[in-house]
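*Asks:* Shown below is the structure under consideration.
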Amino acid sequence: MFSQRHLHFLFQLLLVHPLLSPSAAAAAGKVSAIIVFGDSTVDSGNNDYILTIAKGDFPPYGRDFDGGIATGRFSNGRLVTDFISEAFGLPSSVPAYLDPSCTIDQLAMGVSFASGGTGLDDLTADISNVIHVRQQLEYFKEYKERLTVSKGESNANKIIADALYYFSIGNNDIGVNYFLLPQRRSQFSPPEYVALLTDIAGAAVREVYQLGGRRIQLTGILPVGCVPAMRTVNLHQPGQCMEEFNQFALLFNAELQKTASKLNSELTGATVVYSDMYSLVSSIIANPLKYGFENVAQGCCGTGIIEALFLCGLEEPLTCEDTDKYVFFDSVHPTERIYKMEASEMLNTSLAVFL
Ligand SMILES: *[C@@H]1O[C@H](CO)[C@@H](O)[C@H](O)[C@H]1NC(C)=O
């Protein structure tokens with residue numbers, strides 16, 4: 001029989017020892033696929049197949065992508081999730097779910113349901129007529145069914161359980177919806193809106209968990225007050241970051257981090273991590289030369305002041321020469337080099353538990 005002391009020791013071991021905790025058990029083992037939900041930071045081309053003006057399927061988008069193809073990614077090359085996929089020994093780019101040329105065998109190793117312009121708040125998605133979070137989750141259910149038909153139930157369940165679920169969303173709720181439209185401003189203070197948004201994020205994670213997901217990342221948002229488009233419309237301090245919106249972003253990130261940690265303890269057998277996208281970009285903007293950047297205030301595309309989306313397509317000759325010296329490719333979206341650095345930082349920190 002165990003003595004009281006033995007029991008106490010066993011109890012401590014089970015509860016405290018990180019290698020034996022249920023979270024760590026879920027995290028151990030190879031990631032089978034990377035399954036992505038979110039906005040333009042992780043949309044690998046879904047918007048190409050819907051009716052919206054929020055598209056990146058024409059030059060100069062994709063000019064540094066393999067073959068120089070404008071896939072619909074809102075950058076000059078690959079996105080953070082593409083680099084992460086590669087680091088997990090999976091394909092070097094994550095396909096878009098709506099791309100009809102993708103087979104289920106390809107999608108079984110990674111898929112993005114993300115949609116540029118979308119947000120946690122449905123109203124945000126409605127502004128650009130893009131894919132709601134709810135619809136992204138519906139696509140995930142459909143995906144799981146297709147996987148089951150193609151691979152059999154037990155293989156499909158294993159892929160679902162061993163996949164990394166990557167959420168990157170919220171940038172447009174704050175940087176577009178709350179910033180541009182009067183409605184949410186009149187209804188909610190920033191802390192109230194942040195609470196509403198992170199509740200929606202939490203509900204989405206619970207749904208993924210119900211469907212079998214066990215390794216989940218919630219990604220924070222960028223310093224949205226520093227994107228070139230925001231600087232351009234900063235009437236009080238022209239050309240400067242809008243600090244009010246950076247503070248808002250920090251508030252959202254802090255609350256999202258709390259949500260991740262709450263879900264991590266609540267969802268038995270799951271590992272839920274928070275990954276930061278703010279600090280590194282913010283440090284680069286404050287100290288570009290240290291990181292080998294030259295331009296942090298303008299997008300590479302066009303004049304760099306307002307050009308984004310279709311406006312980028314109009315002024316191709318004005319596109320910058322060396323994208324790696326720029327933080328932003330257009331007036332709102334980071335360059336491939338930024339995404340690569342963010343991926344590297346995440347793999348060194350929050351994602352290390354899954355490697
Ligand atoms: C991640 O770690 C590697 C190896 O230690 C290092 O070279 C790299 O700079 C780190 N990345 C970041 C963004 O800190």
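Chain labels run A, B, ... following the order of the structure tokens; each chain numbers its residues from 1, and ligands are numbered from 1 in the order shown.
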I'd like the neighbourhood of stretch 231-240 of chain A as number ranges by chain, where a residue qualifies if any of its atoms comes within 12 Å (using only C-alpha atoms), though same-chain residues fewer than 6 positions away should be ignored.

*Replies:* A: 175, 179-180, 223-225, 246, 285-286, 296-299, 303-307, 331-332

*Asks:* If you count only C-alpha atoms and all ligand atoms, which residues end up within 8 Å of ligand 1, as a PyMOL selection string?

*Replies:* chain A and resi 280+341-348

*Asks:* List every residue of stretch 197-240 of chain A that DSSP, applied to the backbone, labels as strand (DSSP E), and write the result as a list in words.

*Replies:*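 Here is the list: Arg215, Ile216, Gln217, Leu218 and Thr219 of chain A.
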
*Asks:* Take the residues that were just selected and, keeping C-alpha atoms, output them as a PDB file, in the first residue's frame.

*Replies:*
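Dumped to selection_20.pdb:
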ATOM      1  CA  ARG A 215      -3.103  21.706 -29.862  1.00  0.00           C
ATOM      2  CA  ILE A 216      -4.244  25.246 -30.248  1.00  0.00           C
ATOM      3  CA  GLN A 217      -2.564  28.588 -30.688  1.00  0.00           C
ATOM      4  CA  LEU A 218      -4.197  31.971 -30.267  1.00  0.00           C
ATOM      5  CA  THR A 219      -2.121  34.649 -31.971  1.00  0.00           C
TER       6      THR A 219
END

*Asks:* Can you list, as an MDAnalysis selection string, every residue of stretch 149-346 of chain A that DSSP puts in helix (DSSP H, G or I)?

*Replies:* chainID A and resid 149:151 153:162 171:180 182:187 190:210 224:226 228:232 243:266 278:286 288:291 310:314 316:318 323:325 336:346

*Asks:* Would you kindly return, as an MDAnalysis selection string, each protein, DNA or RNA residue with an atom no farther than 12 Å from any atom of A:Cys102, considering only C-alpha atoms and excluding same-chain residues fewer than 6 positions away?

*Replies:* chainID A and resid 45:46 94:96 108:112

*Asks:* Could you produce a table of the residues of stretch 53-113 of chain A lying within 10 Å of stretch 147-158 of chain A, with the nearest pair of atoms per residue and their separation in Å rounded to one decimal, using only C-alpha atoms, ordered by chain and increasing residue number, as a tab-separated table?

*Replies:*
residue	atom	partner	partner_atom	distance
A:Ile104	CA	A:Leu147	CA	6.8
A:Asp105	CA	A:Ser150	CA	8.3
A:Leu107	CA	A:Leu147	CA	8.7
A:Ala108	CA	A:Leu147	CA	7.0

*Asks:* I need the chosen residues saved as a PDB file, in the first residue's frame, with C-alpha atoms.

*Replies:*
ATOM      1  CA  ILE A 104      -7.790  16.048 -49.744  1.00  0.00           C
ATOM      2  CA  ASP A 105      -4.340  14.396 -49.539  1.00  0.00           C
ATOM      3  CA  LEU A 107      -5.237  19.349 -47.291  1.00  0.00           C
ATOM      4  CA  ALA A 108      -4.581  16.497 -44.848  1.00  0.00           C
TER       5      ALA A 108
END

*Asks:* Tell me which protein, DNA and RNA residues are within 12 Å of A:Val273, counting only C-alpha atoms, leaving out same-chain ones fewer than 3 positions away, and put them as a compact mmCIF listing (two decimals) with C-alpha atoms, in the first residue's frame.

*Replies:*
# COMPACT_ATOMS: atom_id res chain seq x y z
CA SER A 23 -1.13 19.34 -21.45
CA ALA A 24 2.38 18.17 -22.13
CA ALA A 27 1.70 18.33 -26.99
CA LEU A 164 -1.86 22.40 -34.71
CA TYR A 165 -4.82 24.81 -34.82
CA TYR A 166 -3.59 28.30 -35.54
CA PHE A 167 -5.87 31.30 -34.95
CA VAL A 205 -11.47 27.30 -29.58
CA ARG A 214 -5.97 19.39 -28.92
CA ARG A 215 -3.10 21.71 -29.86
CA ILE A 216 -4.24 25.25 -30.25
CA GLN A 217 -2.56 28.59 -30.69
CA LEU A 218 -4.20 31.97 -30.27
CA THR A 219 -2.12 34.65 -31.97
CA GLY A 220 -2.18 38.24 -30.82
CA LEU A 256 -6.41 37.01 -25.44
CA GLN A 257 -3.45 35.74 -23.47
CA LYS A 258 -5.71 35.36 -20.41
CA THR A 259 -8.28 33.56 -22.56
CA ALA A 260 -5.61 31.13 -23.79
CA SER A 261 -4.45 30.36 -20.28
CA LYS A 262 -8.03 29.91 -19.04
CA LEU A 263 -8.80 27.51 -21.90
CA ASN A 264 -5.58 25.66 -21.27
CA SER A 265 -6.69 24.74 -17.78
CA ALA A 270 -5.54 20.17 -24.68
CA ASP A 276 2.69 37.34 -29.66
CA MET A 346 7.15 31.63 -32.13
CA LEU A 347 9.04 28.40 -32.82
CA THR A 349 8.98 30.28 -27.63
CA SER A 350 5.25 29.49 -27.60
CA LEU A 351 5.34 26.78 -30.28
CA ALA A 352 8.42 24.99 -28.90
CA VAL A 353 6.12 22.71 -26.87
CA PHE A 354 4.76 21.21 -30.12
